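Engineer: Take a look at this one; I'll ask things after.
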Amino acid sequence: MATLIQTREVIVPRPVPPKASGREQFLKWAVIILPGTALYFTPTSGMAANQRHLLAIFLATIIGLIVRPVAMGLVAFLGMSTVAMTRAVPANTILSGFGNPTVWLIFCAFIFARAVTATQLGSRVAYLFIRRFGSSALSLGYSIAAADVVLAPFVPSDTARGGGIIYPIVRSVAKAFDSEPGPTAKRLGNYLVLVGFHTTYVASAMFLTGMAANVVIADFARKIAHVDLTWMHWMIGAIVPGILTLFLVPYLLYALAPPIVRNTSPARELAGIELQKMGRTSRNERWLMAIMLAVMAGWITSPWHGISNTIIALVGVSTILLAQVLRWEEMLSESKAWDALIWFGAVIMMAEALQQQGVIALLSGVVFRHIEGWAWMLAFVLLMITYLYIHYGFASMTAHIVALYPGFLATAIAVGVQPMLAALGFAYFSNLNAGITHYGTGSAPVYFGEGYVSLGEWWKLGFILSLVNLVVWLGLGMVWWKLLGWW
């Protein structure tokens with residue numbers, strides 16, 4: 001076996017696409033501008049001019065966020081500027097998205113993730129699971145899944161959690177067993193990479209704070225379905241299908257992509273060595289654990305004390321800064337948080353305007369006419385399947401949610417689906433859809449980029465596990481949600 005290595009020496013691959021050529025840039029801008037322009041200037045039956053103009057700009061902005069000819073924040077600025085210049089929304093609402101509590105909750109989520117990574121608390125938790133349960137390849141897979149679930153409520157980003165915390169540990173364990181990309185990938189690394197990725201997005205689905213855009217979903221659900229998706233509602237609805245999925249995924253991958261190395265007891269030694277190097281929990285780790293537990297307690301008890309999740313999160317960030325777990329300068333340097341604040345704010349503004357101007361209701365009505373008269377259960381299942389597989393066309397869960405969640409939710413309610421069932425059903429699959437491609441979420445290119453899994457195997461297993469998710473979440477899940485009184 002190779003010499004045990006230090007996880008901190010593993011460089012997490014963050015694939016940076018090569019700079020696009022002039023022709024590629026031209027094509028990207030054409031893909032953005034042409035559909036939006038066509039819709040903007042083409043009269044549409046049943047849709048007023050102002051509705052059509054706003055929808056066209058929103059469509060172009062969403063496409064821009066997907067193909068990314070420039071930074072996402074700049075795409076959002078361009079969309080916001082176009083909305084203002086064309087007067088598609090009132091001037092006094094152009095900046096309203098930046099005052100939305102959801103946007104600030106997302107910002108806080110990125111700061112929490114930065115703190116968990118910077119203090120190495122996330123790595124400590126993962127190593128504790130591996131040291132305790134990593135005696136075989138299968139149990140090692142389950143320990144990776146368990147670590148991800150424990151971290152998910154505190155690290156609301158599958159990219160930060162899966163790509164920044166779990167993946168480096170997976171990479172270290174694989175390397176310790178001489179399993180590298182290429183001929184030796186199947187020794188262990190192939191299996192661990194697949195388990196790490198496919199359990200990350202399941203963990204994201206289980207908690208309101210498991211993925212940053214989940215709180216955007218909660219905002220849409222409140223405005224469209226008039227239901228309050230509290231932290232407890234979300235978790236209780238996901239707990240049964242989520243646990244079953246996390247039990248099945250490592251086992252199925254063990255059968256579908258079996259590792260050559262079955263006895264992984266040395267991985268426990270690796271975890272023990274790394275924990276010994278870390279030493280006792282640091283002062284910052286202890287502070288962070290106390291703060292995050294208090295924040296979670298505040299979220300769970302929100303229905304009783306009435307303080308919003310955003311205010312609780314802001315108090316948590318303030319305490320992290322006061323306790324110097326993170327310095328103010330470190331928060332300022334967390335570019336992903338500020339980037340999300342900018343482009344989420346712009347997109348939320350446009351999405352709210354679409355709702356207020358009746359565009360979402362109009363579009364859902366078009367879909368409703370095609371399934372009108374269907375049994376609500378059949379219509380719901382069809383909408384869920386469509387919502388899942390349409391993600392082949394998206395490189396971001398957030399873009400998918402902002403573009404499609406409101407319309408699908410409104411359509412489901414129109415055909416008779418109970419609001420809570422519709423809101424959380426689409427919410428869960430807004431996370432579960434990430435597993436079908438190697439680009440569907442931020443953690444996907446991190447896991448895929450090292451080369452342990454071929455593209456064909458990635459897509460094949462992604463599709464198989466998507467079928468498993470449909471059976472579990474629309475099978476057992478529906479039974480569980482019936483017991484909860486959701487339908």
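Here's how to read the names in the structure tokens: chain A, B, ... by the order shown, residue numbers from 1 in each chain, ligand numbers from 1 in the order shown.
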Among stretch 231-325 of chain A, which ones does DSSP assign to alpha helix (DSSP H) (computed from the backbone)? Answer as a PyMOL selection string.

Structural biologist: chain A and resi 231-256+265-278+283-300+302-305+309-322

Engineer: Give the answer as one residue: which of A:Met289, A:Thr398, A:Arg132, A:Pro258 has the shortest atom-to-atom distance to A:Leu194, using only C-alpha atoms?

Structural biologist: A:Pro258

Engineer: Using only C-alpha atoms, which of A:Ala414, A:Ala337, A:Ala323, A:Ile94 sits nearest A:Phe112?

Structural biologist: A:Ala337

Engineer: So that I can see what lies close to A:Phe408, please list as a ChimeraX atom specification the residues with an atom at most 9 Å from it, counting only C-alpha atoms and leaving out residues fewer than 5 positions away in the same chain.

Structural biologist: /A:364,367,383-384,387,413,422,426

Engineer: Can you list, as a short mmCIF file (atom, residue, chain, number, x, y, z; two decimals) with C-alpha atoms, in the first residue's frame, every protein, DNA or RNA residue that comes within 9 Å of A:Ala185 when you count only C-alpha atoms, leaving out same-chain residues fewer than 4 positions away?

Structural biologist:
```
data_model
loop_
_atom_site.label_atom_id
_atom_site.label_comp_id
_atom_site.auth_asym_id
_atom_site.auth_seq_id
_atom_site.Cartn_x
_atom_site.Cartn_y
_atom_site.Cartn_z
CA ALA A 174 -8.02 6.22 -2.65
CA ASP A 178 -2.65 2.91 -4.73
CA SER A 179 -5.87 3.73 -6.55
CA GLU A 180 -5.23 6.48 -9.05
CA PRO A 181 -7.15 7.67 -12.11
CA GLY A 189 -11.17 5.37 -6.01
CA ASN A 190 -13.87 4.81 -8.64
CA TYR A 191 -16.30 3.51 -6.03
CA PRO A 259 -14.16 -1.98 -5.94
CA GLY A 451 -10.75 11.06 -13.98
CA TYR A 452 -11.66 8.15 -11.71
CA VAL A 453 -14.96 7.64 -13.56
#
```

Engineer: For stretch 75-155 of chain A versus stretch 207-219 of chain A, which residues have an atom no more than 12 Å away, and what is each residue's nearest atom pair and distance in Å rounded to one decimal, using only C-alpha atoms, chain-then-number order, as a tab-separated table?

Structural biologist:
```
residue	atom	partner	partner_atom	distance
A:Gly97	CA	A:Val216	CA	11.7
A:Asn100	CA	A:Asp219	CA	9.4
A:Pro101	CA	A:Asp219	CA	9.0
A:Thr102	CA	A:Val216	CA	6.1
A:Val103	CA	A:Val216	CA	7.9
A:Trp104	CA	A:Val215	CA	10.1
A:Leu105	CA	A:Val215	CA	7.4
A:Ile106	CA	A:Ala212	CA	5.4
A:Phe107	CA	A:Ala212	CA	8.5
A:Cys108	CA	A:Ala212	CA	9.3
A:Ala109	CA	A:Ala212	CA	6.4
A:Phe110	CA	A:Ala212	CA	7.8
A:Ile111	CA	A:Ala212	CA	11.2
A:Phe112	CA	A:Thr209	CA	10.6
A:Ala113	CA	A:Ala212	CA	10.3
A:Asp148	CA	A:Gly210	CA	9.9
A:Val149	CA	A:Gly210	CA	8.8
A:Val150	CA	A:Gly210	CA	10.2
A:Leu151	CA	A:Gly210	CA	8.5
A:Ala152	CA	A:Gly210	CA	4.8
A:Pro153	CA	A:Thr209	CA	5.2
A:Phe154	CA	A:Thr209	CA	7.1
A:Val155	CA	A:Gly210	CA	6.6
```

Engineer: Using only C-alpha atoms, find the one residue out of A:Glu24, A:Asp228, A:Glu457, A:Glu450 that sits nearest to A:Ile436.

Structural biologist: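 Once distances to A:Ile436 are computed over only C-alpha atoms, the minimum belongs to A:Glu457.
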
Engineer: Quick one: of A:Phe394, A:Phe77, A:Tyr142, A:Tyr251, who's nearest to A:Asp339, counting only C-alpha atoms?

Structural biologist: A:Phe77

Engineer: Pick out the residues sitting within 10 Å of A:Ser396, and hand them over as an NGL selection string; count only C-alpha atoms, and ignore anything fewer than 6 positions along from it in its own chain.

Structural biologist: :A and (65-66 or 434 or 439-442)

Engineer: Counting only C-alpha atoms, what is within 9 Å of A:Ile62, bar same-chain residues fewer than 3 positions away, as a compact mmCIF listing (two decimals) with N, CA and C atoms, in the first residue's frame?

Structural biologist:
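Result saved to selection-v5.txt:
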```txt
# COMPACT_ATOMS: atom_id res chain seq x y z
N ILE A 32 -27.93 33.54 -26.17
CA ILE A 32 -28.60 34.36 -25.16
C ILE A 32 -29.53 35.39 -25.80
N ILE A 57 -36.58 39.11 -21.17
CA ILE A 57 -35.35 39.50 -20.47
C ILE A 57 -34.97 38.45 -19.44
N PHE A 58 -35.97 37.93 -18.73
CA PHE A 58 -35.72 36.89 -17.74
C PHE A 58 -35.14 35.65 -18.42
N LEU A 59 -35.73 35.24 -19.55
CA LEU A 59 -35.25 34.07 -20.30
C LEU A 59 -33.80 34.27 -20.72
N LEU A 65 -26.92 32.78 -17.45
CA LEU A 65 -26.38 32.14 -16.25
C LEU A 65 -25.98 30.70 -16.51
N ILE A 66 -26.58 30.10 -17.53
CA ILE A 66 -26.24 28.71 -17.87
C ILE A 66 -24.98 28.64 -18.75
N VAL A 67 -24.95 29.44 -19.82
CA VAL A 67 -23.83 29.34 -20.76
C VAL A 67 -22.64 30.20 -20.32
N VAL A 75 -23.71 38.98 -15.83
CA VAL A 75 -24.94 38.60 -16.53
C VAL A 75 -26.15 39.18 -15.81
N ALA A 76 -26.16 39.05 -14.48
CA ALA A 76 -27.28 39.57 -13.69
C ALA A 76 -27.37 41.09 -13.81
N VAL A 347 -31.89 38.09 -9.96
CA VAL A 347 -32.81 37.06 -10.46
C VAL A 347 -34.08 37.01 -9.62
N ALA A 399 -30.09 27.80 -11.26
CA ALA A 399 -30.71 28.28 -12.49
C ALA A 399 -31.96 27.47 -12.82
N HIS A 400 -31.88 26.17 -12.60
CA HIS A 400 -33.05 25.30 -12.83
C HIS A 400 -34.21 25.73 -11.95
N VAL A 402 -34.77 28.64 -10.34
CA VAL A 402 -35.30 29.97 -10.63
C VAL A 402 -36.12 29.97 -11.91
N ALA A 403 -35.67 29.19 -12.91
CA ALA A 403 -36.35 29.18 -14.20
C ALA A 403 -37.64 28.38 -14.19
```

Engineer: Name all residues at most 6 Å from A:Ser443 (count only C-alpha atoms; drop same-chain ones fewer than 2 positions away) and give them as a ChimeraX atom specification.

Structural biologist: /A:159,162-163,441,445-446

Engineer: Take the residues from that selection and write them out as a PDB file, in the first residue's frame, keeping N, CA, C and O atoms.

Structural biologist:
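Once written, part.pdb looks like this:
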```pdb
ATOM      1  N   THR A 159     -21.270  22.113  -3.275  1.00  0.00           N
ATOM      2  CA  THR A 159     -19.939  22.359  -3.818  1.00  0.00           C
ATOM      3  C   THR A 159     -18.915  22.462  -2.695  1.00  0.00           C
ATOM      4  O   THR A 159     -17.858  21.826  -2.738  1.00  0.00           O
ATOM      5  N   GLY A 162     -19.263  18.810  -0.633  1.00  0.00           N
ATOM      6  CA  GLY A 162     -18.788  17.658  -1.392  1.00  0.00           C
ATOM      7  C   GLY A 162     -17.427  17.904  -2.010  1.00  0.00           C
ATOM      8  O   GLY A 162     -16.517  17.082  -1.880  1.00  0.00           O
ATOM      9  N   GLY A 163     -17.278  19.052  -2.686  1.00  0.00           N
ATOM     10  CA  GLY A 163     -16.026  19.328  -3.373  1.00  0.00           C
ATOM     11  C   GLY A 163     -14.907  19.802  -2.474  1.00  0.00           C
ATOM     12  O   GLY A 163     -13.742  19.491  -2.707  1.00  0.00           O
ATOM     13  N   THR A 441     -24.314  20.193 -11.154  1.00  0.00           N
ATOM     14  CA  THR A 441     -24.181  20.929  -9.899  1.00  0.00           C
ATOM     15  C   THR A 441     -22.715  21.215  -9.663  1.00  0.00           C
ATOM     16  O   THR A 441     -21.842  20.602 -10.306  1.00  0.00           O
ATOM     17  N   PRO A 445     -18.300  18.585 -11.329  1.00  0.00           N
ATOM     18  CA  PRO A 445     -17.009  18.640 -12.022  1.00  0.00           C
ATOM     19  C   PRO A 445     -15.812  18.393 -11.110  1.00  0.00           C
ATOM     20  O   PRO A 445     -14.755  17.975 -11.584  1.00  0.00           O
ATOM     21  N   VAL A 446     -15.979  18.650  -9.800  1.00  0.00           N
ATOM     22  CA  VAL A 446     -14.891  18.362  -8.865  1.00  0.00           C
ATOM     23  C   VAL A 446     -14.676  16.856  -8.776  1.00  0.00           C
ATOM     24  O   VAL A 446     -13.557  16.347  -8.911  1.00  0.00           O
TER      25      VAL A 446
END
```

Engineer: Which residue out of A:Thr281, A:Thr437, A:Asn263, A:Thr245 has the minimum interatomic distance to A:Gly477 when only C-alpha atoms are used?

Structural biologist: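 Ranking A:Thr281, A:Thr437, A:Asn263, A:Thr245 by distance to A:Gly477, first place goes to A:Thr245.
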
Engineer: As an exercise, work out the distance from atom CA of A:Arg23 to atom CA of A:His438 in Å and give it to one decimal place.

Structural biologist: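 Rounded to one decimal, the two atoms are 24.7 Å apart.
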
Engineer: Return the single residue from A:Leu55, A:Met420, A:Gln357, A:Leu34 that is closest to A:Leu484, with distances computed using only C-alpha atoms.

Structural biologist: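 Answer, going by the shortest atom-to-atom distance: A:Met420.
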